[in-house]
$ cat structure02.cif   # mmCIF, C-alpha atoms and all ligand atoms
data_upload
loop_
_atom_site.label_atom_id
_atom_site.label_comp_id
_atom_site.auth_asym_id
_atom_site.auth_seq_id
_atom_site.Cartn_x
_atom_site.Cartn_y
_atom_site.Cartn_z
CA MET A 1100 -33.56 -10.85 -34.01
CA ALA A 1101 -35.29 -10.12 -37.29
CA THR A 1102 -36.21 -6.47 -36.97
CA ASP A 1103 -37.84 -4.95 -39.99
CA VAL A 1104 -41.55 -5.22 -39.33
CA ASN A 1105 -42.32 -3.33 -42.53
CA THR A 1106 -40.97 -6.02 -44.78
CA VAL A 1107 -43.46 -8.65 -43.73
CA ASN A 1108 -47.04 -8.73 -44.84
CA GLN A 1109 -49.75 -7.53 -42.54
CA THR A 1110 -51.54 -10.76 -41.81
CA ASP A 1111 -48.65 -13.12 -41.23
CA THR A 1112 -47.84 -14.82 -37.97
CA VAL A 1113 -45.72 -12.99 -35.44
CA ILE A 1114 -45.52 -15.73 -32.81
CA HIS A 1115 -45.66 -19.46 -33.57
CA THR A 1116 -46.23 -21.70 -30.56
CA GLU A 1117 -45.35 -25.28 -31.40
CA GLY A 1118 -46.12 -28.10 -28.99
CA LEU A 1119 -45.42 -25.99 -25.92
CA LYS A 1120 -45.50 -27.59 -22.48
CA VAL A 1121 -44.87 -25.59 -19.34
CA TYR A 1122 -43.83 -27.00 -15.99
CA TYR A 1123 -43.43 -25.37 -12.61
CA GLY A 1124 -41.21 -27.95 -10.92
CA ASN A 1125 -42.97 -31.28 -11.52
CA PHE A 1126 -46.34 -29.65 -12.09
CA LEU A 1127 -47.46 -29.59 -15.73
CA ALA A 1128 -49.26 -26.23 -15.98
CA LEU A 1129 -49.85 -26.16 -19.75
CA ARG A 1130 -49.73 -28.95 -22.30
CA ASP A 1131 -49.44 -29.21 -26.08
CA ILE A 1132 -50.08 -25.63 -27.07
CA TRP A 1133 -50.10 -25.06 -30.83
CA LEU A 1134 -51.07 -21.49 -31.59
CA GLU A 1135 -50.21 -18.85 -34.19
CA ILE A 1136 -50.60 -15.21 -33.22
CA PRO A 1137 -51.40 -13.02 -36.25
CA ARG A 1138 -49.55 -9.75 -36.71
CA ASN A 1139 -51.42 -6.45 -36.36
CA ARG A 1140 -54.42 -8.13 -34.86
CA VAL A 1141 -55.82 -8.35 -31.34
CA THR A 1142 -55.88 -11.89 -29.96
CA ALA A 1143 -57.85 -12.55 -26.77
CA PHE A 1144 -57.02 -15.36 -24.33
CA ILE A 1145 -60.05 -16.50 -22.36
CA GLY A 1146 -60.71 -19.39 -20.01
CA PRO A 1147 -61.29 -20.23 -16.35
CA SER A 1148 -58.87 -19.16 -13.66
CA GLY A 1149 -55.75 -21.33 -13.50
CA CYS A 1150 -55.89 -22.54 -17.11
CA GLY A 1151 -52.51 -20.98 -17.84
CA LYS A 1152 -53.34 -17.74 -19.68
CA SER A 1153 -50.83 -15.67 -17.72
CA THR A 1154 -48.29 -18.46 -17.91
CA LEU A 1155 -48.49 -18.51 -21.71
CA LEU A 1156 -48.29 -14.73 -21.94
CA ARG A 1157 -45.18 -14.76 -19.77
CA CYS A 1158 -43.60 -17.41 -22.01
CA TYR A 1159 -43.89 -14.99 -24.91
CA ASN A 1160 -41.66 -12.34 -23.38
CA ARG A 1161 -39.50 -14.67 -21.30
CA LEU A 1162 -40.84 -13.27 -18.06
CA ASN A 1163 -41.16 -16.81 -16.70
CA ASP A 1164 -37.37 -17.01 -16.77
CA LEU A 1165 -37.55 -15.11 -13.50
CA ILE A 1166 -39.47 -18.00 -11.87
CA GLU A 1167 -36.97 -20.56 -10.66
CA SER A 1168 -39.20 -23.64 -11.01
CA PHE A 1169 -40.26 -22.72 -14.57
CA ARG A 1170 -39.32 -25.02 -17.45
CA CYS A 1171 -40.76 -25.35 -20.94
CA GLU A 1172 -40.65 -27.88 -23.75
CA GLY A 1173 -41.63 -27.37 -27.37
CA LYS A 1174 -40.87 -24.22 -29.32
CA ILE A 1175 -41.90 -20.61 -29.60
CA PHE A 1176 -40.82 -18.72 -32.70
CA TYR A 1177 -40.95 -14.93 -32.75
CA ASN A 1178 -40.56 -13.51 -36.26
CA GLY A 1179 -39.18 -16.89 -37.22
CA GLU A 1180 -36.55 -17.03 -34.48
CA ASN A 1181 -36.57 -19.48 -31.61
CA LEU A 1182 -37.31 -17.31 -28.55
CA TYR A 1183 -35.56 -19.76 -26.24
CA ALA A 1184 -32.41 -20.24 -28.31
CA PRO A 1185 -29.28 -19.81 -26.16
CA HIS A 1186 -28.07 -16.65 -27.92
CA VAL A 1187 -31.37 -14.79 -27.48
CA ASP A 1188 -31.19 -11.97 -24.93
CA PRO A 1189 -34.35 -12.01 -22.75
CA VAL A 1190 -33.99 -8.29 -22.06
CA GLU A 1191 -34.16 -7.55 -25.79
CA VAL A 1192 -37.14 -9.92 -26.07
CA ARG A 1193 -38.93 -7.90 -23.38
CA ARG A 1194 -38.27 -4.69 -25.28
CA ARG A 1195 -39.74 -6.12 -28.47
CA ILE A 1196 -42.59 -7.86 -26.65
CA GLY A 1197 -43.84 -5.50 -23.95
CA MET A 1198 -46.27 -6.22 -21.15
CA VAL A 1199 -49.03 -4.40 -19.31
CA PHE A 1200 -50.28 -5.90 -16.05
CA GLN A 1201 -53.56 -6.13 -14.20
CA ARG A 1202 -52.70 -3.44 -11.65
CA PRO A 1203 -51.38 -0.22 -13.18
CA ASN A 1204 -47.76 -0.02 -11.98
CA PRO A 1205 -46.25 3.36 -12.92
CA PHE A 1206 -42.76 4.04 -11.58
CA PRO A 1207 -42.72 6.50 -8.66
CA LYS A 1208 -41.39 9.10 -11.07
CA SER A 1209 -42.82 11.95 -13.10
CA ILE A 1210 -45.18 11.24 -15.99
CA TYR A 1211 -42.40 12.34 -18.34
CA ASP A 1212 -39.79 10.10 -16.76
CA ASN A 1213 -42.12 7.11 -16.76
CA ILE A 1214 -42.03 7.32 -20.54
CA ALA A 1215 -38.41 8.40 -20.96
CA PHE A 1216 -36.96 5.76 -18.63
CA GLY A 1217 -36.99 2.80 -21.04
CA PRO A 1218 -35.75 4.73 -24.10
CA ARG A 1219 -32.93 6.26 -22.00
CA ILE A 1220 -31.80 2.83 -20.82
CA ASN A 1221 -31.86 1.65 -24.42
CA GLY A 1222 -29.65 4.58 -25.45
CA TYR A 1223 -32.33 6.42 -27.42
CA LYS A 1224 -30.63 9.24 -29.32
CA GLY A 1225 -33.63 11.02 -30.83
CA ASP A 1226 -35.68 13.91 -29.48
CA MET A 1227 -36.96 12.70 -26.10
CA ASP A 1228 -39.67 15.38 -25.78
CA GLU A 1229 -41.03 14.31 -29.11
CA LEU A 1230 -40.96 10.62 -28.16
CA VAL A 1231 -42.73 11.29 -24.86
CA GLU A 1232 -45.43 13.31 -26.64
CA ARG A 1233 -45.90 10.71 -29.36
CA SER A 1234 -46.10 7.82 -26.89
CA LEU A 1235 -48.65 9.65 -24.73
CA LYS A 1236 -50.69 10.52 -27.80
CA GLN A 1237 -50.66 6.92 -28.98
CA ALA A 1238 -51.91 5.90 -25.55
CA ALA A 1239 -54.71 8.52 -25.73
CA LEU A 1240 -53.38 10.26 -22.63
CA TRP A 1241 -51.58 13.34 -23.98
CA ASP A 1242 -54.46 15.81 -23.73
CA GLU A 1243 -55.03 14.92 -20.09
CA VAL A 1244 -51.40 15.23 -18.97
CA LYS A 1245 -49.63 17.63 -21.35
CA ASP A 1246 -49.72 20.44 -18.77
CA LYS A 1247 -48.41 18.34 -15.89
CA LEU A 1248 -45.66 16.14 -17.28
CA ARG A 1249 -43.50 16.77 -14.17
CA GLN A 1250 -46.16 15.47 -11.79
CA SER A 1251 -45.83 11.98 -10.40
CA GLY A 1252 -47.34 9.20 -12.48
CA LEU A 1253 -48.89 8.00 -9.24
CA SER A 1254 -50.98 11.20 -9.02
CA LEU A 1255 -53.12 10.03 -11.95
CA SER A 1256 -56.40 8.10 -11.74
CA GLY A 1257 -56.32 4.31 -12.16
CA GLY A 1258 -57.42 4.45 -15.78
CA GLN A 1259 -54.88 7.17 -16.57
CA GLN A 1260 -52.15 5.18 -14.81
CA GLN A 1261 -52.97 2.17 -16.98
CA ARG A 1262 -52.77 4.31 -20.14
CA LEU A 1263 -49.46 5.67 -18.81
CA CYS A 1264 -48.22 2.08 -18.52
CA ILE A 1265 -49.36 1.46 -22.10
CA ALA A 1266 -47.52 4.64 -23.21
CA ARG A 1267 -44.44 3.40 -21.35
CA ALA A 1268 -44.65 0.07 -23.16
CA ILE A 1269 -45.04 1.83 -26.51
CA ALA A 1270 -42.13 4.22 -25.92
CA VAL A 1271 -39.49 1.54 -26.45
CA GLN A 1272 -41.02 0.79 -29.85
CA PRO A 1273 -42.10 -2.78 -29.32
CA ASP A 1274 -43.63 -5.08 -31.88
CA VAL A 1275 -46.05 -6.96 -29.63
CA ILE A 1276 -47.89 -5.76 -26.52
CA LEU A 1277 -49.10 -8.36 -24.01
CA MET A 1278 -51.90 -7.27 -21.69
CA ASP A 1279 -52.82 -9.44 -18.72
CA GLU A 1280 -56.33 -8.44 -17.64
CA PRO A 1281 -55.48 -4.76 -18.12
CA CYS A 1282 -58.97 -3.50 -17.19
CA SER A 1283 -59.92 -5.73 -14.30
CA ALA A 1284 -58.93 -3.07 -11.73
CA LEU A 1285 -60.64 -0.23 -13.62
CA ASP A 1286 -64.09 1.37 -13.67
CA PRO A 1287 -66.36 0.94 -16.72
CA ILE A 1288 -65.49 4.28 -18.35
CA SER A 1289 -61.73 3.75 -18.01
CA THR A 1290 -62.28 0.25 -19.33
CA LEU A 1291 -64.00 1.54 -22.47
CA GLN A 1292 -61.19 4.07 -23.01
CA ILE A 1293 -58.62 1.28 -22.89
CA GLU A 1294 -60.70 -0.86 -25.23
CA GLU A 1295 -60.86 1.97 -27.78
CA LEU A 1296 -57.15 2.43 -27.39
CA ILE A 1297 -56.49 -1.28 -28.02
CA HIS A 1298 -58.50 -0.99 -31.22
CA ASP A 1299 -56.18 1.81 -32.44
CA LEU A 1300 -52.99 0.10 -31.27
CA LYS A 1301 -53.35 -2.80 -33.66
CA GLN A 1302 -52.61 -0.51 -36.59
CA GLN A 1303 -49.04 -0.54 -35.39
CA PHE A 1304 -48.68 -3.38 -32.92
CA THR A 1305 -49.79 -6.93 -32.32
CA VAL A 1306 -51.83 -7.16 -29.13
CA ILE A 1307 -52.57 -10.21 -26.99
CA ILE A 1308 -55.04 -9.57 -24.20
CA VAL A 1309 -56.09 -11.86 -21.37
CA THR A 1310 -59.59 -11.05 -20.20
CA HIS A 1311 -62.28 -12.56 -18.00
CA ASN A 1312 -64.82 -10.25 -19.55
CA MET A 1313 -66.59 -11.97 -22.45
CA GLN A 1314 -68.05 -8.70 -23.74
CA GLN A 1315 -64.59 -7.23 -23.74
CA ALA A 1316 -63.13 -10.14 -25.67
CA SER A 1317 -65.88 -9.90 -28.29
CA ARG A 1318 -65.53 -6.09 -28.53
CA VAL A 1319 -61.77 -5.78 -28.82
CA SER A 1320 -60.39 -8.92 -30.37
CA ASP A 1321 -60.13 -10.31 -33.88
CA MET A 1322 -59.08 -13.79 -32.76
CA THR A 1323 -59.92 -15.64 -29.55
CA ALA A 1324 -58.19 -18.59 -27.92
CA PHE A 1325 -60.24 -20.51 -25.35
CA PHE A 1326 -58.25 -22.46 -22.76
CA ASN A 1327 -59.58 -24.90 -20.21
CA VAL A 1328 -58.18 -26.98 -17.36
CA GLN A 1329 -58.21 -30.73 -16.99
CA THR A 1330 -57.66 -32.47 -13.68
CA SER A 1331 -55.23 -35.38 -13.91
CA GLU A 1332 -55.39 -38.62 -11.91
CA LYS A 1333 -52.85 -37.17 -9.50
CA GLY A 1334 -55.08 -34.14 -9.01
CA GLY A 1335 -52.92 -31.65 -10.93
CA ARG A 1336 -54.83 -29.16 -13.01
CA THR A 1337 -53.29 -28.79 -16.44
CA GLY A 1338 -54.31 -26.11 -18.91
CA TYR A 1339 -54.74 -26.72 -22.63
CA LEU A 1340 -56.04 -24.90 -25.68
CA VAL A 1341 -59.58 -25.96 -26.55
CA GLU A 1342 -60.29 -23.79 -29.56
CA PHE A 1343 -58.76 -20.91 -31.47
CA ASP A 1344 -60.62 -19.08 -34.18
CA ARG A 1345 -61.97 -15.76 -35.30
CA THR A 1346 -63.67 -14.10 -32.36
CA GLU A 1347 -67.11 -14.14 -34.00
CA VAL A 1348 -66.81 -17.91 -34.52
CA ILE A 1349 -65.77 -18.51 -30.91
CA PHE A 1350 -68.72 -16.49 -29.64
CA GLN A 1351 -71.41 -17.35 -32.16
CA ASN A 1352 -70.56 -20.73 -33.61
CA PRO A 1353 -67.89 -22.51 -31.58
CA GLN A 1354 -66.97 -26.02 -32.63
CA GLN A 1355 -66.45 -27.36 -29.12
CA GLU A 1356 -69.16 -27.85 -26.53
CA ALA A 1357 -66.89 -26.58 -23.74
CA THR A 1358 -66.33 -23.32 -25.62
CA LYS A 1359 -70.07 -22.87 -26.07
CA GLU A 1360 -70.66 -23.40 -22.36
CA TYR A 1361 -67.87 -21.06 -21.34
CA VAL A 1362 -68.78 -18.15 -23.60
CA SER A 1363 -72.43 -18.43 -22.56
CA GLY A 1364 -71.38 -18.15 -18.91
CA LYS A 1365 -72.15 -21.72 -17.79
CA PHE A 1366 -68.80 -22.09 -15.99
CA GLY A 1367 -65.63 -20.20 -15.31
N1 LIG A 1401 -44.87 -19.05 -10.21
C1 LIG A 1401 -45.60 -20.18 -10.18
N2 LIG A 1401 -45.18 -21.26 -9.51
C2 LIG A 1401 -45.91 -22.40 -9.47
N3 LIG A 1401 -47.11 -22.54 -10.05
C3 LIG A 1401 -47.59 -21.49 -10.74
C4 LIG A 1401 -46.87 -20.25 -10.85
N4 LIG A 1401 -47.60 -19.39 -11.57
C5 LIG A 1401 -48.72 -20.06 -11.92
N5 LIG A 1401 -48.72 -21.31 -11.43
C6 LIG A 1401 -49.76 -22.33 -11.62
O1 LIG A 1401 -49.92 -22.57 -13.00
C7 LIG A 1401 -51.30 -22.71 -13.33
C8 LIG A 1401 -51.68 -21.65 -14.35
O2 LIG A 1401 -51.64 -20.37 -13.72
P1 LIG A 1401 -51.87 -19.01 -14.48
O3 LIG A 1401 -51.01 -18.99 -15.67
O4 LIG A 1401 -51.73 -17.92 -13.50
O5 LIG A 1401 -53.41 -19.16 -14.96
P2 LIG A 1401 -54.46 -18.06 -15.40
O6 LIG A 1401 -53.72 -16.81 -15.73
O7 LIG A 1401 -55.19 -18.67 -16.55
O8 LIG A 1401 -55.39 -17.87 -14.21
C9 LIG A 1401 -52.08 -22.60 -12.03
O9 LIG A 1401 -52.31 -23.90 -11.55
C10 LIG A 1401 -51.13 -21.84 -11.13
O10 LIG A 1401 -51.35 -22.17 -9.78
MG MG A 1402 -53.80 -14.87 -14.99
#
$ encode --input "structure02.cif" --output "structure tokens"
Amino acid sequence: MATDVNTVNQTDTVIHTEGLKVYYGNFLALRDIWLEIPRNRVTAFIGPSGCGKSTLLRCYNRLNDLIESFRCEGKIFYNGENLYAPHVDPVEVRRRIGMVFQRPNPFPKSIYDNIAFGPRINGYKGDMDELVERSLKQAALWDEVKDKLRQSGLSLSGGQQQRLCIARAIAVQPDVILMDEPCSALDPISTLQIEELIHDLKQQFTVIIVTHNMQQASRVSDMTAFFNVQTSEKGGRTGYLVEFDRTEVIFQNPQQEATKEYVSGKFG
């Protein structure tokens, strides 16, 4: 894959989604998605449950490959390369495009080893202590754990565990970080800490965050994509992109009536 992030300008597109359709077996889960994710920005995905937000996120790091019934049509380009081209290694894709899930899921290992695990597997040759420290600092967790790096990651609070998972994602030096409702299992203070962290992360990474929290989307994101679901004659519920724009436009002056209703809490 194209690797040198520094050679491209700061506001270009990192992921192009062109006419994407996603099926699970015969069920059309997402249709006709055209969407460009800007580099070094935070993009929020919002929309009612079942509209395909997680599905689209998983398309971006080829995690859907693990679902047997999954099939997609259309194209996704990552740094100009077709993500689904036959020669592309999904494991390498997942290193470059990391993911953080709704429930913090540290490995049952020490805090240190949670971070070191990925780099070790990737054959990292640099100073591991330094990488662990840097990753934990970038995830705003270092000060809280620097004296207990050998303790289990599972001994941390929920919010700390989620920042540990973010540090773990960062440690393999990704380009894009996908976050699927990363705060929905956390208390308000932990949530704010993660939001501040996301704000800092975009200096170095591209972030896509799925959230059900409208305040969160308006606080953390630069761009917002609103998805909705449409029920077909056969009763299937297919997701589609309604509107994608700067976050302030989506929240203050959306072009579509459905967007206006959703962001003002009328449905969802
Ligand atoms: N592994 C799967 N197998 C079959 N259907 C799935 C699978 N994952 C999601 N779906 C379906 O695809 C649609 C979109 O789901 P999802 O991407 O989870 O939506 P969201 O994250 O917006 O709530 C839903 O109808 C859901 O039931
Ligand atoms: Mg979801």
$ atom_distance --input "structure02.cif" --atom1 "atom CA of A:Leu1230" --atom2 "atom CA of A:Leu1300"
16.3 Å
$ residues_around --input "structure02.cif" --residues "stretch 1325-1337 of chain A" --least-positions-apart "4" --cutoff "8 Å" --atoms "only C-alpha atoms" --output "mmCIF file with C-alpha atoms, in the coordinates of the input"
data_model
loop_
_atom_site.group_PDB
_atom_site.id
_atom_site.type_symbol
_atom_site.label_atom_id
_atom_site.label_comp_id
_atom_site.auth_asym_id
_atom_site.auth_seq_id
_atom_site.Cartn_x
_atom_site.Cartn_y
_atom_site.Cartn_z
ATOM 1 C CA PHE A 1126 -46.340 -29.650 -12.090
ATOM 2 C CA LEU A 1127 -47.460 -29.590 -15.730
ATOM 3 C CA ALA A 1128 -49.260 -26.230 -15.980
ATOM 4 C CA LEU A 1129 -49.850 -26.160 -19.750
ATOM 5 C CA ARG A 1130 -49.730 -28.950 -22.300
ATOM 6 C CA PHE A 1144 -57.020 -15.360 -24.330
ATOM 7 C CA ILE A 1145 -60.050 -16.500 -22.360
ATOM 8 C CA GLY A 1146 -60.710 -19.390 -20.010
ATOM 9 C CA PRO A 1147 -61.290 -20.230 -16.350
ATOM 10 C CA GLY A 1149 -55.750 -21.330 -13.500
ATOM 11 C CA CYS A 1150 -55.890 -22.540 -17.110
ATOM 12 C CA GLY A 1151 -52.510 -20.980 -17.840
ATOM 13 C CA LYS A 1152 -53.340 -17.740 -19.680
ATOM 14 C CA VAL A 1341 -59.580 -25.960 -26.550
ATOM 15 C CA GLU A 1342 -60.290 -23.790 -29.560
ATOM 16 C CA PHE A 1343 -58.760 -20.910 -31.470
ATOM 17 C CA THR A 1358 -66.330 -23.320 -25.620
#
$ closest_residue --input "structure02.cif" --among "A:Lys1365, A:Lys1120, A:Arg1193, A:Arg1202" --to "ligand MG 1402 (chain A)" --atoms "all atoms listed in the file"
A:Arg1202
$ atom_distance --input "structure02.cif" --atom1 "atom CA of A:Tyr1177" --atom2 "atom CA of A:Val1275"
10.0 Å
$ atom_distance --input "structure02.cif" --atom1 "atom CA of A:Thr1154" --atom2 "atom P2 of ligand LIG 1401 (chain A)"
6.7 Å
$ closest_residue --input "structure02.cif" --among "A:Asp1212, A:Asp1226, A:Asp1279, A:Glu1180" --to "A:Val1199" --atoms "all atoms listed in the file"
A:Asp1279
$ closest_residue --input "structure02.cif" --among "A:Ile1288, A:Ala1184, A:Ala1268, A:Leu1156" --to "ligand MG 1402 (chain A)" --atoms "all atoms listed in the file"
A:Leu1156
$ closest_residue --input "structure02.cif" --among "A:Ser1254, A:Val1244, A:Tyr1223, A:Ser1363" --to "A:Ala1270" --atoms "only C-alpha atoms"
A:Tyr1223
$ residues_around --input "structure02.cif" --residues "A:Asn1125" --least-positions-apart "3" --cutoff "10 Å" --atoms "all atoms listed in the file" --output "count of residues only"
7
$ axis_aligned_box --input "structure02.cif" --around "ligand LIG 1401 (chain A)" --padding-each-side "6 Å" --output "JSON"
{"center_x": -50.1, "center_y": -20.4, "center_z": -13.0, "size_x": 22.5, "size_y": 19.1, "size_z": 19.1}
$ closest_residue --input "structure02.cif" --among "A:Arg1140, A:Lys1208, A:His1311, A:Lys1247" --to "ligand LIG 1401 (chain A)" --atoms "all atoms listed in the file"
A:His1311
$ closest_residue --input "structure02.cif" --among "A:Met1227, A:Leu1277, A:Val1362, A:Val1319" --to "A:Cys1158" --atoms "all atoms listed in the file"
A:Leu1277
$ residues_around --input "structure02.cif" --residues "A:Phe1206" --least-positions-apart "3" --cutoff "12 Å" --atoms "only C-alpha atoms" --output "ChimeraX atom specification"
/A:1203,1209-1217,1250-1255,1260-1261,1263-1264,1267
$ residues_around --input "structure02.cif" --residues "A:Val1113" --least-positions-apart "2" --cutoff "7 Å" --atoms "all atoms listed in the file" --output "ChimeraX atom specification"
/A:1111,1115,1136-1138,1177-1178
$ residues_near_point --input "structure02.cif" --point "(-55.1, -6.7, -17.4)" --cutoff "8 Å" --atoms "only C-alpha atoms" --output "PDB file with C-alpha atoms, in the coordinates of the input"
ATOM      1  CA  VAL A1199     -49.030  -4.400 -19.310  1.00  0.00           C
ATOM      2  CA  PHE A1200     -50.280  -5.900 -16.050  1.00  0.00           C
ATOM      3  CA  GLN A1201     -53.560  -6.130 -14.200  1.00  0.00           C
ATOM      4  CA  ARG A1202     -52.700  -3.440 -11.650  1.00  0.00           C
ATOM      5  CA  MET A1278     -51.900  -7.270 -21.690  1.00  0.00           C
ATOM      6  CA  ASP A1279     -52.820  -9.440 -18.720  1.00  0.00           C
ATOM      7  CA  GLU A1280     -56.330  -8.440 -17.640  1.00  0.00           C
ATOM      8  CA  PRO A1281     -55.480  -4.760 -18.120  1.00  0.00           C
ATOM      9  CA  CYS A1282     -58.970  -3.500 -17.190  1.00  0.00           C
ATOM     10  CA  SER A1283     -59.920  -5.730 -14.300  1.00  0.00           C
ATOM     11  CA  ALA A1284     -58.930  -3.070 -11.730  1.00  0.00           C
ATOM     12  CA  ILE A1308     -55.040  -9.570 -24.200  1.00  0.00           C
ATOM     13  CA  VAL A1309     -56.090 -11.860 -21.370  1.00  0.00           C
ATOM     14  CA  THR A1310     -59.590 -11.050 -20.200  1.00  0.00           C
TER      15      THR A1310
END
